[in-house]
Number of protein chains: 2
Amino acid sequence: MKLGRLNHIGVATPSIAESIRYYRDVMGAKITHKPFDLEAQGVKVCFVDTPGADGTHGTQIELIEPLGPESPIANFLKTNPSGGQHHVCYEVEDIADARKWFEEMGKRILGPTRIGAHGTPIFFLHPKDMMGQLTEIMETPKEGTHWSN
Amino acid sequence: MKLGRLNHIGVATPSIAESIRYYRDVMGAKITHKPFDLEAQGVKVCFVDTPGADGTHGTQIELIEPLGPESPIANFLKTNPSGGQHHVCYEVEDIADARKWFEEMGKRILGPTRIGAHGTPIFFLHPKDMMGQLTEIMETPKEGTHWSN
């Protein structure tokens with residue numbers, strides 16, 4: 001497998017509204033995306049863009065807020081009430097190949113491959129097998145794919 | 001202030017040697033940089049490149065290993081023995097302007113502005129003032145600057 005782009009870093013927050021104000025007013029980001037619910041994952045999500053090199057798109061920040069007390073993010077916020085870095089997400093060309101690659105290495109994959117916040121297939125790997133980092137693997141959106149988030 | 005590039009994410013590790021094997025053999029990164037000591041900060045550092053969009057340089061991973069038991073990273077590893085996400089680092093055009101910007105907002109700045117791992121001036125902001133994220137602010141290397149790491 002070849003390392004792909006760091007698509008986004010996932011940042012847990014108790015309030016996406018507060019985080020949007022923070023990234024806009026403190027960090028100077030231009031907010032262009034709207035929050036939306038990813039009910040299957042129990043989270044509300046909003047992407048914040050950061051600039052890449054030479055005018056390209058950079059790594060995004062994926063803000064994630066729990067939709068309810070059962071959300072997997074709710075536990076994270078119990079330990080980190082003001083939020084914090086939650087996961088990293090790398091792109092791969094082919095999600096099935098990547099899943100096989102990690103499976104054959106004995107890495108624990110958390111649940112089935114499913115559609116993620118960018119509308120492409122994703123899966124998560126257990127942080128204990130990934131040097132302490134909850135790691136999301138995401139198929140790169142194909143050219144021409146509608147990718148508004 | 002305008003949000004700059006996400007230069008790197010800082011990842012604490014109990015062993016840079018092990019992390020390099022992990023990013024090379026598990027994640028498929030091409031390792032091109034060598035580890036070096038940043039004695040003033042009490043850490044050994046090694047950068048791992050990730051690809052950006054359209055062939056540009058992407059956000060780097062800054063691996064950080066404690067140089068001794070007094071290192072600020074040593075405490076982080078007590079809580080997270082296998083390592084994990086430690087900080088985020090954004091670029092700014094002018095470090096003095098950025099420092100003033102955050103100071104005027106009442107954000108706690110951790111120590112003086114100093115020279116960071118990329119040889120340009122940096123400072124850190126308290127995670128409790130930055131929605132749970134230890135945040136490094138780094139002046140973008142000037143064109144023509146020797147920037148080997």
# chains A, B, ... in the order shown; residues from 1 in each chain; ligands from 1
call {"tool": "residues_around", "arguments": {"residues": "range 73-87 of chain A", "least_positions_apart": "2", "cutoff": "10 Å", "atoms": "only C-alpha atoms", "output": "tab-separated table (two decimals) with N, CA and C atoms, in the first residue's frame"}}
result
chain	number	residue	atom	x	y	z
A	8	HIS	N	-8.13	14.39	6.16
A	8	HIS	CA	-8.57	15.26	7.25
A	8	HIS	C	-8.07	14.75	8.60
A	9	ILE	N	-8.10	15.64	9.56
A	9	ILE	CA	-7.94	15.23	10.95
A	9	ILE	C	-9.31	15.42	11.61
A	10	GLY	N	-9.72	14.42	12.36
A	10	GLY	CA	-11.01	14.48	13.04
A	10	GLY	C	-10.83	15.14	14.40
A	11	VAL	N	-11.62	16.17	14.67
A	11	VAL	CA	-11.53	16.91	15.92
A	11	VAL	C	-12.89	16.85	16.61
A	12	ALA	N	-12.92	16.23	17.77
A	12	ALA	CA	-14.17	16.15	18.54
A	12	ALA	C	-14.43	17.50	19.21
A	13	THR	N	-15.71	17.84	19.29
A	13	THR	CA	-16.09	19.11	19.92
A	13	THR	C	-17.43	18.96	20.63
A	14	PRO	N	-17.59	19.65	21.77
A	14	PRO	CA	-18.90	19.63	22.42
A	14	PRO	C	-19.92	20.47	21.64
A	15	SER	N	-19.44	21.34	20.75
A	15	SER	CA	-20.37	22.22	20.02
A	15	SER	C	-19.76	22.63	18.69
A	19	SER	N	-17.14	25.64	17.68
A	19	SER	CA	-15.92	25.36	16.92
A	19	SER	C	-15.84	26.20	15.65
A	41	GLN	N	-23.49	7.10	12.16
A	41	GLN	CA	-22.33	7.14	13.05
A	41	GLN	C	-22.64	7.88	14.35
A	42	GLY	N	-23.83	8.40	14.47
A	42	GLY	CA	-24.21	9.09	15.70
A	42	GLY	C	-23.52	10.42	15.91
A	43	VAL	N	-23.16	11.08	14.80
A	43	VAL	CA	-22.45	12.36	14.92
A	43	VAL	C	-22.99	13.41	13.97
A	61	ILE	N	-10.19	19.87	8.40
A	61	ILE	CA	-10.53	19.55	9.79
A	61	ILE	C	-11.96	19.05	9.77
A	62	GLU	N	-12.19	17.86	10.30
A	62	GLU	CA	-13.55	17.33	10.39
A	62	GLU	C	-14.02	17.52	11.83
A	63	LEU	N	-14.89	18.47	12.03
A	63	LEU	CA	-15.46	18.68	13.37
A	63	LEU	C	-16.55	17.64	13.60
A	64	ILE	N	-16.50	16.99	14.76
A	64	ILE	CA	-17.52	15.98	15.07
A	64	ILE	C	-18.09	16.21	16.45
A	65	GLU	N	-19.40	16.30	16.48
A	65	GLU	CA	-20.15	16.54	17.73
A	65	GLU	C	-21.11	15.37	17.92
A	66	PRO	N	-21.26	14.89	19.14
A	66	PRO	CA	-22.17	13.75	19.34
A	66	PRO	C	-23.63	14.14	19.06
A	67	LEU	N	-24.36	13.22	18.42
A	67	LEU	CA	-25.79	13.46	18.21
A	67	LEU	C	-26.61	13.11	19.45
A	68	GLY	N	-26.03	12.31	20.34
A	68	GLY	CA	-26.75	11.95	21.56
A	68	GLY	C	-25.80	11.27	22.53
A	69	PRO	N	-26.30	10.90	23.72
A	69	PRO	CA	-25.40	10.30	24.73
A	69	PRO	C	-24.85	8.93	24.34
A	70	GLU	N	-25.46	8.29	23.32
A	70	GLU	CA	-24.99	6.98	22.87
A	70	GLU	C	-23.87	7.11	21.83
A	71	SER	N	-23.62	8.31	21.38
A	71	SER	CA	-22.63	8.53	20.32
A	71	SER	C	-21.24	8.09	20.79
A	89	CYS	N	-7.30	10.68	9.06
A	89	CYS	CA	-7.89	9.98	7.91
A	89	CYS	C	-7.01	10.11	6.67
A	124	PHE	N	-12.44	2.15	9.85
A	124	PHE	CA	-11.58	2.62	10.92
A	124	PHE	C	-10.70	1.47	11.46
A	125	LEU	N	-9.50	1.82	11.89
A	125	LEU	CA	-8.57	0.85	12.49
A	125	LEU	C	-8.36	1.19	13.97
A	127	PRO	N	-6.93	2.10	17.42
A	127	PRO	CA	-5.74	2.88	17.77
A	127	PRO	C	-4.61	2.05	18.40
A	132	GLY	N	-1.33	4.24	18.62
A	132	GLY	CA	-2.08	5.18	19.45
A	132	GLY	C	-3.03	6.09	18.70
A	133	GLN	N	-3.16	5.89	17.40
A	133	GLN	CA	-4.02	6.80	16.63
A	133	GLN	C	-5.21	6.06	16.03
A	134	LEU	N	-6.41	6.47	16.39
A	134	LEU	CA	-7.60	5.99	15.70
A	134	LEU	C	-7.46	6.44	14.24
A	135	THR	N	-7.44	5.48	13.31
A	135	THR	CA	-7.07	5.79	11.92
A	135	THR	C	-8.21	5.42	10.99
A	136	GLU	N	-8.65	6.39	10.21
A	136	GLU	CA	-9.68	6.17	9.20
A	136	GLU	C	-9.01	6.03	7.85
B	84	GLY	N	0.56	8.80	20.32
B	84	GLY	CA	-0.70	9.33	19.83
B	84	GLY	C	-0.56	10.77	19.38
B	85	GLN	N	-1.71	11.32	18.96
B	85	GLN	CA	-1.72	12.68	18.44
B	85	GLN	C	-1.43	13.68	19.56
B	86	HIS	N	-0.42	14.51	19.35
B	86	HIS	CA	0.08	15.38	20.41
B	86	HIS	C	-0.22	16.86	20.16
B	87	HIS	N	-0.01	17.34	18.95
B	87	HIS	CA	-0.32	18.74	18.64
B	87	HIS	C	-0.59	18.94	17.16
B	88	VAL	N	-1.09	20.12	16.82
B	88	VAL	CA	-1.27	20.52	15.43
B	88	VAL	C	-0.44	21.78	15.20
B	127	PRO	N	-3.67	24.18	25.17
B	127	PRO	CA	-4.83	23.46	24.63
B	127	PRO	C	-6.17	23.89	25.24
B	128	LYS	N	-6.16	24.32	26.50
B	128	LYS	CA	-7.44	24.70	27.13
B	128	LYS	C	-8.02	25.97	26.51
B	129	ASP	N	-7.17	26.76	25.84
B	129	ASP	CA	-7.67	27.96	25.16
B	129	ASP	C	-7.93	27.70	23.68
B	130	MET	N	-7.64	26.47	23.21
B	130	MET	CA	-7.68	26.18	21.77
B	130	MET	C	-8.58	24.96	21.50
B	131	MET	N	-9.69	24.90	22.21
B	131	MET	CA	-10.66	23.82	22.05
B	131	MET	C	-10.00	22.43	22.14
B	132	GLY	N	-9.13	22.30	23.14
B	132	GLY	CA	-8.57	21.00	23.47
B	132	GLY	C	-7.35	20.58	22.66
B	133	GLN	N	-6.86	21.48	21.83
B	133	GLN	CA	-5.72	21.11	20.99
B	133	GLN	C	-4.47	21.93	21.32
B	134	LEU	N	-3.40	21.27	21.72
B	134	LEU	CA	-2.11	21.94	21.84
B	134	LEU	C	-1.76	22.42	20.43
call {"tool": "select_by_dssp", "arguments": {"residues": "range 94-139 of chain A", "states": "alpha helix (DSSP H)", "output": "number ranges by chain"}}
result
A: 95-104
call {"tool": "write_last_selection", "arguments": {"atoms": "C-alpha atoms", "output": "compact mmCIF listing (two decimals), in the first residue's frame"}}
result
# COMPACT_ATOMS: atom_id res chain seq x y z
CA ILE A 95 -10.75 0.56 -0.25
CA ALA A 96 -11.07 -3.22 -0.74
CA ASP A 97 -7.34 -3.60 -1.39
CA ALA A 98 -6.57 -1.47 1.66
CA ARG A 99 -8.90 -3.50 3.89
CA LYS A 100 -7.19 -6.72 2.77
CA TRP A 101 -3.76 -5.17 3.36
CA PHE A 102 -4.55 -4.28 6.99
CA GLU A 103 -6.44 -7.53 7.64
CA GLU A 104 -3.50 -9.61 6.47
call {"tool": "closest_residue", "arguments": {"among": "B:Glu18, B:Glu91, B:Glu139, B:Glu39", "to": "Gly52 in chain A", "atoms": "only C-alpha atoms"}}
result
B:Glu91
call {"tool": "atom_distance", "arguments": {"atom1": "CA of Lys44 in chain A", "atom2": "CA of Ile20 in chain A"}}
result
12.9 Å
call {"tool": "residues_around", "arguments": {"residues": "range 112-117 of chain B", "least_positions_apart": "5", "cutoff": "8 Å", "atoms": "only C-alpha atoms", "output": "PyMOL selection string"}}
result
chain B and resi 38+45+122-123+138+149
call {"tool": "atom_distance", "arguments": {"atom1": "CA of Arg108 in chain A", "atom2": "CA of Val92 in chain A"}}
result
17.7 Å
call {"tool": "closest_residue", "arguments": {"among": "A:Thr32, A:Thr59, A:Thr120, A:Thr140", "to": "chain B", "atoms": "only C-alpha atoms"}}
result
A:Thr59
call {"tool": "select_by_dssp", "arguments": {"residues": "chain A", "states": "strand (DSSP E)", "output": "ChimeraX atom specification"}}
result
/A:6-12,36-38,43-48,60-66,84-92,109-115,121-125,135-139
call {"tool": "write_last_selection", "arguments": {"atoms": "C-alpha atoms", "output": "PDB file, in the first residue's frame"}}
result
ATOM      1  CA  LEU A   6      -3.975  13.106   4.774  1.00  0.00           C
ATOM      2  CA  ASN A   7      -7.563  13.916   3.841  1.00  0.00           C
ATOM      3  CA  HIS A   8      -8.568  15.258   7.251  1.00  0.00           C
ATOM      4  CA  ILE A   9      -7.944  15.226  10.947  1.00  0.00           C
ATOM      5  CA  GLY A  10     -11.005  14.482  13.042  1.00  0.00           C
ATOM      6  CA  VAL A  11     -11.525  16.909  15.922  1.00  0.00           C
ATOM      7  CA  ALA A  12     -14.169  16.153  18.540  1.00  0.00           C
ATOM      8  CA  PHE A  36     -24.815  17.895   8.637  1.00  0.00           C
ATOM      9  CA  ASP A  37     -25.887  14.796  10.541  1.00  0.00           C
ATOM     10  CA  LEU A  38     -24.221  11.427   9.902  1.00  0.00           C
ATOM     11  CA  VAL A  43     -22.448  12.361  14.920  1.00  0.00           C
ATOM     12  CA  LYS A  44     -22.988  15.814  13.514  1.00  0.00           C
ATOM     13  CA  VAL A  45     -20.136  16.769  11.180  1.00  0.00           C
ATOM     14  CA  CYS A  46     -18.747  19.962   9.665  1.00  0.00           C
ATOM     15  CA  PHE A  47     -15.622  20.299   7.534  1.00  0.00           C
ATOM     16  CA  VAL A  48     -13.262  23.273   7.771  1.00  0.00           C
ATOM     17  CA  GLN A  60      -9.400  19.413   6.195  1.00  0.00           C
ATOM     18  CA  ILE A  61     -10.530  19.550   9.788  1.00  0.00           C
ATOM     19  CA  GLU A  62     -13.555  17.333  10.392  1.00  0.00           C
ATOM     20  CA  LEU A  63     -15.462  18.681  13.367  1.00  0.00           C
ATOM     21  CA  ILE A  64     -17.519  15.983  15.065  1.00  0.00           C
ATOM     22  CA  GLU A  65     -20.148  16.544  17.725  1.00  0.00           C
ATOM     23  CA  PRO A  66     -22.170  13.754  19.345  1.00  0.00           C
ATOM     24  CA  GLY A  84      -9.567  17.558  20.948  1.00  0.00           C
ATOM     25  CA  GLN A  85      -7.855  15.481  18.291  1.00  0.00           C
ATOM     26  CA  HIS A  86      -9.897  12.356  17.714  1.00  0.00           C
ATOM     27  CA  HIS A  87      -8.637  10.590  14.548  1.00  0.00           C
ATOM     28  CA  VAL A  88      -6.582  10.889  11.378  1.00  0.00           C
ATOM     29  CA  CYS A  89      -7.893   9.985   7.912  1.00  0.00           C
ATOM     30  CA  TYR A  90      -5.695   8.911   4.997  1.00  0.00           C
ATOM     31  CA  GLU A  91      -6.851   8.358   1.424  1.00  0.00           C
ATOM     32  CA  VAL A  92      -6.250   5.152  -0.532  1.00  0.00           C
ATOM     33  CA  ILE A 109     -10.728  -3.146  11.738  1.00  0.00           C
ATOM     34  CA  LEU A 110     -13.652  -1.534  13.538  1.00  0.00           C
ATOM     35  CA  GLY A 111     -16.824  -2.656  11.789  1.00  0.00           C
ATOM     36  CA  PRO A 112     -17.696  -2.999   8.130  1.00  0.00           C
ATOM     37  CA  THR A 113     -16.625  -0.743   5.296  1.00  0.00           C
ATOM     38  CA  ARG A 114     -19.269   1.963   5.055  1.00  0.00           C
ATOM     39  CA  ILE A 115     -19.949   5.327   3.445  1.00  0.00           C
ATOM     40  CA  PRO A 121     -16.231   4.101   1.408  1.00  0.00           C
ATOM     41  CA  ILE A 122     -14.273   4.198   4.655  1.00  0.00           C
ATOM     42  CA  PHE A 123     -13.264   2.008   7.590  1.00  0.00           C
ATOM     43  CA  PHE A 124     -11.575   2.619  10.920  1.00  0.00           C
ATOM     44  CA  LEU A 125      -8.571   0.852  12.492  1.00  0.00           C
ATOM     45  CA  THR A 135      -7.074   5.787  11.923  1.00  0.00           C
ATOM     46  CA  GLU A 136      -9.681   6.167   9.204  1.00  0.00           C
ATOM     47  CA  ILE A 137      -8.953   4.874   5.718  1.00  0.00           C
ATOM     48  CA  MET A 138     -10.991   6.520   2.962  1.00  0.00           C
ATOM     49  CA  GLU A 139     -11.191   5.871  -0.748  1.00  0.00           C
TER      50      GLU A 139
END
call {"tool": "atom_distance", "arguments": {"atom1": "CA of Lys30 in chain A", "atom2": "CA of Pro51 in chain B"}}
result
23.3 Å
call {"tool": "closest_residue", "arguments": {"among": "B:Lys2, B:His126, B:His118, B:Lys107", "to": "Tyr23 in chain A", "atoms": "only C-alpha atoms"}}
result
B:Lys2
